[in-house]
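Undergrad: I am attaching a structure below and will ask some questions about it afterwards.
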Amino acid sequence: MTEKSDSTTHFGFETVPEHEKAGRVQGVFNSVASKYDIMNDVMSVGIHRIWKDAMMDWLAPRPGQRLLDVAGGTGDISFRFLKRAGYGHSTVLDLTTPMLEEGRKRAEAEQMAESLDWVTGDAMALPFKDNTFDVYTISFGIRNVTRPQEALNEAYRVLKPGGRLMVLEFSQLPNDGLQKLYDLYSFNVIPRMGQMIAGDYDSYQYLVESIRNFPDQDTFLGMVKQAGFENAKYRNMSMGIAALHSGWKI
């Protein structure tokens with residue numbers, strides 16, 4: 001029987017031991033932390049802002065809710081959530097401390113300081129008690145988790161009964177021709193833009209490869225259901241360049 005420590009996973013198109021992936025992902029985001037918001041603009045041609053607003057529209061935050069924003073990085077989702085809710089609380093959790101530090105520098109973080117916590121932690125082993133949060137979000141982060149199913153299981157554990165899961169992630173276009181065109185753009189343009197803007201070709205190359213390795217919409221929907229979530233469904237964003245998955249702990 002194979003020991004868990006010998007298990008392998010994807011790091012972009014490279015196969016690596018599972019125990020190495022988290023450190024490598026940290027290396028990528030340590031490298032791009034100061035340019036992370038620009039990176040999202042590069043990778044989505046600025047459309048990630050519209051997708052995140054659509055996420056909030058579907059989520060419809062309510063006053064007083066407690067959010068756990070995993071892989072929350074620079075706080076984009078938390079800031080949107082708190083503005084929509086009117087009042088509430090968000091815990092921003094990220095594996096990479098420099099990402100959190102960049103988030104805390106933002107003007108919104110200072111304005112909302114009393115409603116925010118910033119925690120360094122692992123999506124697969126959340127440092128919170130069962131049934132703690134009303135909402136769990138992870139935006140462009142779950143494809144970087146070594147074992148995404150474990151992250152979804154943890155999301156279910158820390159949500160209160162009646163709690164909501166929302167996952168925004170790059171996905172797959174349902175049309176093969178469009179997917180080939182998108183891949184051509186992704187693999188040939190994005191790493192070069194990363195080199196120009198952030199001086200970092202390799203990190204952007206990894207991020208593009210990680211998108212292609214991530215499960216398609218229906219496969220990931222099955223994983224959400226496997227974690228225990230009900231009324232699970234998804235919506236494609238921009239024809240499937242990204243997808244928004246939703247589920248409820250009932």
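Every chain in the structure tokens takes a letter, A first, then B, and so on in the order presented; its residues are numbered from 1, and the ligands are numbered from 1 following the presented order.
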Go through range 119-198 of chain A residue by residue and, counting only C-alpha atoms, keep those with an atom at most 10 Å from range 51-72 of chain A; for each kept residue give the shortest atom pair and its distance in Å to one decimal, ordered by chain and increasing number, as CSV.
TA:
residue,atom,partner,partner_atom,distance
A:Val119,CA,A:Val70,CA,9.5
A:Thr120,CA,A:Ala71,CA,9.4
A:Gly121,CA,A:Val70,CA,8.8
A:Asp122,CA,A:Val70,CA,8.6
A:Ala123,CA,A:Val70,CA,6.6
A:Leu126,CA,A:Val70,CA,9.3
A:Phe128,CA,A:Leu68,CA,9.9
A:Thr132,CA,A:Arg66,CA,8.1
A:Phe133,CA,A:Arg66,CA,5.2
A:Asp134,CA,A:Arg66,CA,5.2
A:Val135,CA,A:Leu67,CA,4.7
A:Tyr136,CA,A:Leu68,CA,4.8
A:Thr137,CA,A:Asp69,CA,4.9
A:Ile138,CA,A:Val70,CA,5.0
A:Ser139,CA,A:Ala71,CA,7.0
A:Phe140,CA,A:Ala71,CA,7.8
A:Gly141,CA,A:Ala71,CA,5.3
A:Ile142,CA,A:Ala71,CA,7.7
A:Asn144,CA,A:Ala71,CA,9.1
A:Val145,CA,A:Ala71,CA,9.3
A:Ala151,CA,A:Val70,CA,9.5
A:Ala155,CA,A:Leu68,CA,9.0
A:Val158,CA,A:Leu68,CA,8.9
A:Leu159,CA,A:Leu68,CA,8.8
A:Lys160,CA,A:Arg66,CA,10.0
A:Gly163,CA,A:Leu67,CA,9.8
A:Arg164,CA,A:Leu59,CA,8.1
A:Leu165,CA,A:Leu59,CA,9.0
A:Met166,CA,A:Leu59,CA,7.6
A:Val167,CA,A:Met55,CA,8.7
A:Leu168,CA,A:Met55,CA,7.5
A:Glu169,CA,A:Trp51,CA,9.8
Undergrad: What does the file look like for those residues with N, CA, C and O atoms, as a tab-separated table (two decimals), in the first residue's frame?
TA:
chain	number	residue	atom	x	y	z
A	119	VAL	N	-5.56	35.91	8.90
A	119	VAL	CA	-5.02	34.69	9.50
A	119	VAL	C	-4.22	33.91	8.46
A	119	VAL	O	-4.70	33.65	7.35
A	120	THR	N	-3.00	33.53	8.82
A	120	THR	CA	-2.22	32.62	7.98
A	120	THR	C	-2.64	31.19	8.30
A	120	THR	O	-2.60	30.77	9.46
A	121	GLY	N	-3.05	30.44	7.28
A	121	GLY	CA	-3.52	29.08	7.55
A	121	GLY	C	-3.71	28.29	6.28
A	121	GLY	O	-3.63	28.82	5.16
A	122	ASP	N	-3.99	27.01	6.45
A	122	ASP	CA	-4.09	26.04	5.36
A	122	ASP	C	-5.56	25.69	5.13
A	122	ASP	O	-6.27	25.30	6.06
A	123	ALA	N	-6.00	25.78	3.89
A	123	ALA	CA	-7.39	25.47	3.54
A	123	ALA	C	-7.77	24.02	3.88
A	123	ALA	O	-8.94	23.72	4.09
A	126	LEU	N	-8.28	23.93	8.55
A	126	LEU	CA	-8.66	25.26	9.02
A	126	LEU	C	-8.57	25.35	10.54
A	126	LEU	O	-9.04	24.44	11.25
A	128	PHE	N	-10.24	26.60	12.87
A	128	PHE	CA	-11.49	27.11	13.43
A	128	PHE	C	-12.36	25.94	13.88
A	128	PHE	O	-12.27	24.82	13.35
A	132	THR	N	-18.88	27.54	12.64
A	132	THR	CA	-18.46	28.89	13.06
A	132	THR	C	-18.93	29.99	12.13
A	132	THR	O	-19.27	31.09	12.59
A	133	PHE	N	-18.99	29.75	10.82
A	133	PHE	CA	-19.21	30.82	9.85
A	133	PHE	C	-20.53	30.66	9.10
A	133	PHE	O	-21.04	29.55	8.91
A	134	ASP	N	-21.06	31.80	8.65
A	134	ASP	CA	-22.28	31.80	7.85
A	134	ASP	C	-21.98	31.60	6.37
A	134	ASP	O	-22.81	31.05	5.63
A	135	VAL	N	-20.83	32.07	5.94
A	135	VAL	CA	-20.45	32.02	4.52
A	135	VAL	C	-18.98	31.64	4.40
A	135	VAL	O	-18.15	32.08	5.20
A	136	TYR	N	-18.67	30.80	3.42
A	136	TYR	CA	-17.29	30.44	3.08
A	136	TYR	C	-17.10	30.78	1.61
A	136	TYR	O	-17.87	30.32	0.75
A	137	THR	N	-16.08	31.58	1.31
A	137	THR	CA	-15.75	31.88	-0.08
A	137	THR	C	-14.29	31.52	-0.35
A	137	THR	O	-13.45	31.59	0.54
A	138	ILE	N	-14.03	31.12	-1.58
A	138	ILE	CA	-12.65	30.95	-2.04
A	138	ILE	C	-12.64	31.36	-3.51
A	138	ILE	O	-13.39	30.84	-4.32
A	139	SER	N	-11.83	32.35	-3.83
A	139	SER	CA	-11.83	32.97	-5.14
A	139	SER	C	-10.45	32.82	-5.79
A	139	SER	O	-9.47	33.37	-5.28
A	140	PHE	N	-10.41	32.06	-6.89
A	140	PHE	CA	-9.16	31.80	-7.61
A	140	PHE	C	-8.08	31.24	-6.70
A	140	PHE	O	-6.91	31.59	-6.81
A	141	GLY	N	-8.49	30.36	-5.79
A	141	GLY	CA	-7.55	29.79	-4.84
A	141	GLY	C	-7.60	28.29	-4.75
A	141	GLY	O	-6.59	27.64	-4.46
A	142	ILE	N	-8.76	27.68	-5.02
A	142	ILE	CA	-8.88	26.25	-4.72
A	142	ILE	C	-8.05	25.40	-5.69
A	142	ILE	O	-7.63	24.29	-5.33
A	144	ASN	N	-5.08	25.90	-6.37
A	144	ASN	CA	-3.73	25.86	-5.83
A	144	ASN	C	-3.62	24.99	-4.58
A	144	ASN	O	-2.52	24.79	-4.06
A	145	VAL	N	-4.76	24.47	-4.09
A	145	VAL	CA	-4.76	23.61	-2.92
A	145	VAL	C	-4.31	22.21	-3.33
A	145	VAL	O	-4.72	21.69	-4.38
A	151	ALA	N	-10.22	20.52	1.15
A	151	ALA	CA	-10.60	21.91	1.41
A	151	ALA	C	-12.11	22.06	1.43
A	151	ALA	O	-12.67	22.77	2.29
A	155	ALA	N	-14.50	23.22	4.48
A	155	ALA	CA	-15.49	24.29	4.33
A	155	ALA	C	-16.83	23.86	4.95
A	155	ALA	O	-17.46	24.62	5.68
A	158	VAL	N	-16.66	23.89	8.93
A	158	VAL	CA	-16.65	25.16	9.68
A	158	VAL	C	-17.89	26.02	9.43
A	158	VAL	O	-18.11	26.99	10.14
A	159	LEU	N	-18.69	25.66	8.42
A	159	LEU	CA	-19.91	26.41	8.19
A	159	LEU	C	-21.01	25.99	9.18
A	159	LEU	O	-21.12	24.83	9.55
A	160	LYS	N	-21.81	26.96	9.58
A	160	LYS	CA	-22.98	26.68	10.40
A	160	LYS	C	-24.04	25.98	9.54
A	160	LYS	O	-24.06	26.14	8.31
A	163	GLY	N	-25.39	27.42	6.28
A	163	GLY	CA	-24.30	28.22	5.72
A	163	GLY	C	-24.12	27.99	4.24
A	163	GLY	O	-24.55	26.99	3.67
A	164	ARG	N	-23.43	28.93	3.61
A	164	ARG	CA	-23.30	28.96	2.15
A	164	ARG	C	-21.84	28.87	1.72
A	164	ARG	O	-20.97	29.57	2.25
A	165	LEU	N	-21.58	28.01	0.75
A	165	LEU	CA	-20.27	27.91	0.10
A	165	LEU	C	-20.34	28.58	-1.26
A	165	LEU	O	-21.30	28.38	-2.01
A	166	MET	N	-19.32	29.39	-1.59
A	166	MET	CA	-19.22	29.93	-2.94
A	166	MET	C	-17.76	29.85	-3.40
A	166	MET	O	-16.85	30.32	-2.70
A	167	VAL	N	-17.56	29.25	-4.56
A	167	VAL	CA	-16.22	29.06	-5.12
A	167	VAL	C	-16.17	29.72	-6.50
A	167	VAL	O	-16.95	29.35	-7.39
A	168	LEU	N	-15.29	30.69	-6.66
A	168	LEU	CA	-15.05	31.31	-7.96
A	168	LEU	C	-13.68	30.84	-8.45
A	168	LEU	O	-12.68	30.98	-7.74
A	169	GLU	N	-13.66	30.25	-9.64
A	169	GLU	CA	-12.39	29.70	-10.13
A	169	GLU	C	-12.36	29.71	-11.65
A	169	GLU	O	-13.41	29.58	-12.30
Undergrad: For Gly228 in chain A, please output as a PyMOL selection string all residues within 9 Å (counting only C-alpha atoms; exclusion window: fewer than 3 positions along the same chain).
TA: chain A and resi 152-153+156+223-225+247-250
Undergrad: Considering only C-alpha atoms, return as a PyMOL selection string whatever protein or nucleic-acid residues lie within 12 Å of Ile47 in chain A, sequence-local ones (same chain, fewer than 6 positions apart) excluded.
TA: chain A and resi 38-41+53-54+170+237-238+241-242
Undergrad: Store the residues picked out above in a file with all heavy atoms, as a compact mmCIF listing (two decimals), in the first residue's frame.
TA:
# COMPACT_ATOMS: atom_id res chain seq x y z
N ILE A 38 -2.65 43.35 -9.91
CA ILE A 38 -2.32 43.55 -11.32
C ILE A 38 -2.35 42.20 -12.05
O ILE A 38 -2.83 42.09 -13.18
CB ILE A 38 -0.94 44.22 -11.48
CG1 ILE A 38 -0.97 45.61 -10.86
CG2 ILE A 38 -0.53 44.28 -12.95
CD1 ILE A 38 0.40 46.29 -10.79
N MET A 39 -1.87 41.15 -11.37
CA MET A 39 -1.85 39.81 -11.95
C MET A 39 -3.26 39.37 -12.35
O MET A 39 -3.48 38.84 -13.44
CB MET A 39 -1.26 38.81 -10.97
CG MET A 39 -1.19 37.39 -11.47
SD MET A 39 -0.66 36.25 -10.18
CE MET A 39 -2.17 36.07 -9.25
N ASN A 40 -4.23 39.59 -11.46
CA ASN A 40 -5.60 39.20 -11.78
C ASN A 40 -6.14 39.99 -12.97
O ASN A 40 -6.88 39.46 -13.79
CB ASN A 40 -6.51 39.42 -10.56
CG ASN A 40 -6.44 38.26 -9.59
OD1 ASN A 40 -6.07 37.15 -9.96
ND2 ASN A 40 -6.79 38.50 -8.35
N ASP A 41 -5.77 41.26 -13.05
CA ASP A 41 -6.18 42.05 -14.21
C ASP A 41 -5.58 41.49 -15.49
O ASP A 41 -6.26 41.40 -16.52
CB ASP A 41 -5.74 43.51 -14.02
CG ASP A 41 -6.65 44.28 -13.07
OD1 ASP A 41 -7.85 43.96 -13.00
OD2 ASP A 41 -6.15 45.18 -12.38
N ASP A 53 -18.11 40.79 -8.61
CA ASP A 53 -19.38 41.47 -8.33
C ASP A 53 -20.55 40.52 -8.56
O ASP A 53 -21.53 40.53 -7.79
CB ASP A 53 -19.52 42.71 -9.22
CG ASP A 53 -18.62 43.86 -8.78
OD1 ASP A 53 -18.21 43.87 -7.59
OD2 ASP A 53 -18.34 44.75 -9.60
N ALA A 54 -20.45 39.68 -9.60
CA ALA A 54 -21.50 38.69 -9.86
C ALA A 54 -21.59 37.68 -8.71
O ALA A 54 -22.68 37.22 -8.34
CB ALA A 54 -21.24 37.96 -11.18
N PHE A 170 -11.16 29.87 -12.20
CA PHE A 170 -11.01 29.69 -13.64
C PHE A 170 -11.45 28.28 -14.00
O PHE A 170 -11.24 27.33 -13.25
CB PHE A 170 -9.55 29.90 -14.05
CG PHE A 170 -9.11 31.34 -13.99
CD1 PHE A 170 -8.20 31.76 -13.03
CD2 PHE A 170 -9.60 32.27 -14.90
CE1 PHE A 170 -7.78 33.08 -12.98
CE2 PHE A 170 -9.19 33.59 -14.85
CZ PHE A 170 -8.28 34.01 -13.89
N MET A 237 -19.10 31.97 -16.04
CA MET A 237 -18.78 33.38 -16.23
C MET A 237 -18.00 33.51 -17.54
O MET A 237 -17.05 32.75 -17.76
CB MET A 237 -17.91 33.90 -15.08
CG MET A 237 -18.48 33.70 -13.68
SD MET A 237 -19.71 34.94 -13.24
CE MET A 237 -21.12 33.89 -12.89
N SER A 238 -18.42 34.45 -18.39
CA SER A 238 -17.72 34.69 -19.66
C SER A 238 -17.53 33.38 -20.44
O SER A 238 -16.43 32.99 -20.80
CB SER A 238 -16.36 35.37 -19.42
OG SER A 238 -16.54 36.59 -18.74
N ILE A 241 -14.87 30.74 -19.01
CA ILE A 241 -13.49 31.07 -18.66
C ILE A 241 -13.33 30.95 -17.14
O ILE A 241 -12.31 30.48 -16.63
CB ILE A 241 -13.11 32.48 -19.15
CG1 ILE A 241 -13.03 32.48 -20.68
CG2 ILE A 241 -11.78 32.93 -18.55
CD1 ILE A 241 -12.79 33.86 -21.28
N ALA A 242 -14.38 31.33 -16.43
CA ALA A 242 -14.45 31.10 -14.98
C ALA A 242 -15.81 30.50 -14.67
O ALA A 242 -16.73 30.56 -15.50
CB ALA A 242 -14.25 32.40 -14.21
Undergrad: Please provide the set of residues having any atom within 9 Å of Ala109 in chain A, restricted to only C-alpha atoms, with same-chain residues fewer than 5 positions apart removed, written as a list of chain:residue names.
TA: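 Answer for this query is A:Gly75, A:Phe79, A:Gly103, A:Arg104, A:Leu116.
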Undergrad: What does the file look like for those residues with N, CA and C atoms, as a tab-separated table (two decimals), in the first residue's frame?
TA:
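What landed in result_5.tsv:
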chain	number	residue	atom	x	y	z
A	75	GLY	N	-7.74	40.61	0.10
A	75	GLY	CA	-8.99	41.04	0.71
A	75	GLY	C	-10.11	41.45	-0.23
A	79	PHE	N	-13.73	42.73	1.27
A	79	PHE	CA	-14.14	44.12	1.18
A	79	PHE	C	-15.50	44.23	0.51
A	103	GLY	N	-2.72	42.88	1.57
A	103	GLY	CA	-4.12	43.22	1.80
A	103	GLY	C	-4.31	44.24	2.90
A	104	ARG	N	-3.54	44.10	3.96
A	104	ARG	CA	-3.67	45.01	5.10
A	104	ARG	C	-3.21	46.43	4.76
A	116	LEU	N	-12.47	42.99	10.39
A	116	LEU	CA	-11.59	42.08	9.66
A	116	LEU	C	-10.57	41.40	10.57
Undergrad: Please indicate the distance in Å from CA of Ser171 in chain A to CA of Ser7 in chain A, rounded to one decimal place.
TA: 24.8 Å
Undergrad: Restricting the calculation to only C-alpha atoms, which member of A:Pro174, A:Tyr36, A:Arg80, A:Met43 is positioned closest to Val189 in chain A?
TA: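 Smallest separation from Val189 in chain A among the options: A:Met43.
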Undergrad: Measuring between only C-alpha atoms, which one of A:Pro161, A:Gly222, A:Gln149, A:Glu114 shows the shortest distance to Asn131 in chain A?
TA: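 With only C-alpha atoms as the atom set, the closest residue is A:Pro161.
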Undergrad: Could you check the closest approach to Ile190 in chain A for each of A:Ala125, A:Ala113, A:Leu207, A:Met239 and tell me which residue wins, using only C-alpha atoms?
TA: A:Leu207
Undergrad: Which of range 88-165 of chain A counts as alpha helix (DSSP H) under DSSP, as a PyMOL selection string please?
TA: chain A and resi 97-104+107-111+148-158
Undergrad: Identify which of the residues A:Ser203, A:Phe220, A:His89, A:Ala227 lies closest to Glu150 in chain A, counting only C-alpha atoms when measuring atom-to-atom distances.
TA: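 Nearest candidate to Glu150 in chain A out of A:Ser203, A:Phe220, A:His89, A:Ala227: A:Ala227.
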Undergrad: Please provide the set of residues having any atom within 9 Å of Thr97 in chain A, restricted to only C-alpha atoms, with same-chain residues fewer than 3 positions apart removed, written as a ChimeraX atom specification.
TA: /A:26,30,73,94,100-102,119-121
Undergrad: Determine which residues of range 93-184 of chain A DSSP labels as strand (DSSP E) from the backbone of this structure, then write them out as a list in words.
TA: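 Answer for range 93-184 of chain A restricted to strand (DSSP E) is Leu93, Asp94, Leu116, Asp117, Trp118, Val119, Thr120, Phe133, Asp134, Val135, Tyr136, Thr137, Ile138, Ser139, Leu159, Lys160, Pro161, Gly162, Gly163, Arg164, Leu165, Met166, Val167, Leu168, Glu169 and Phe170 of chain A.
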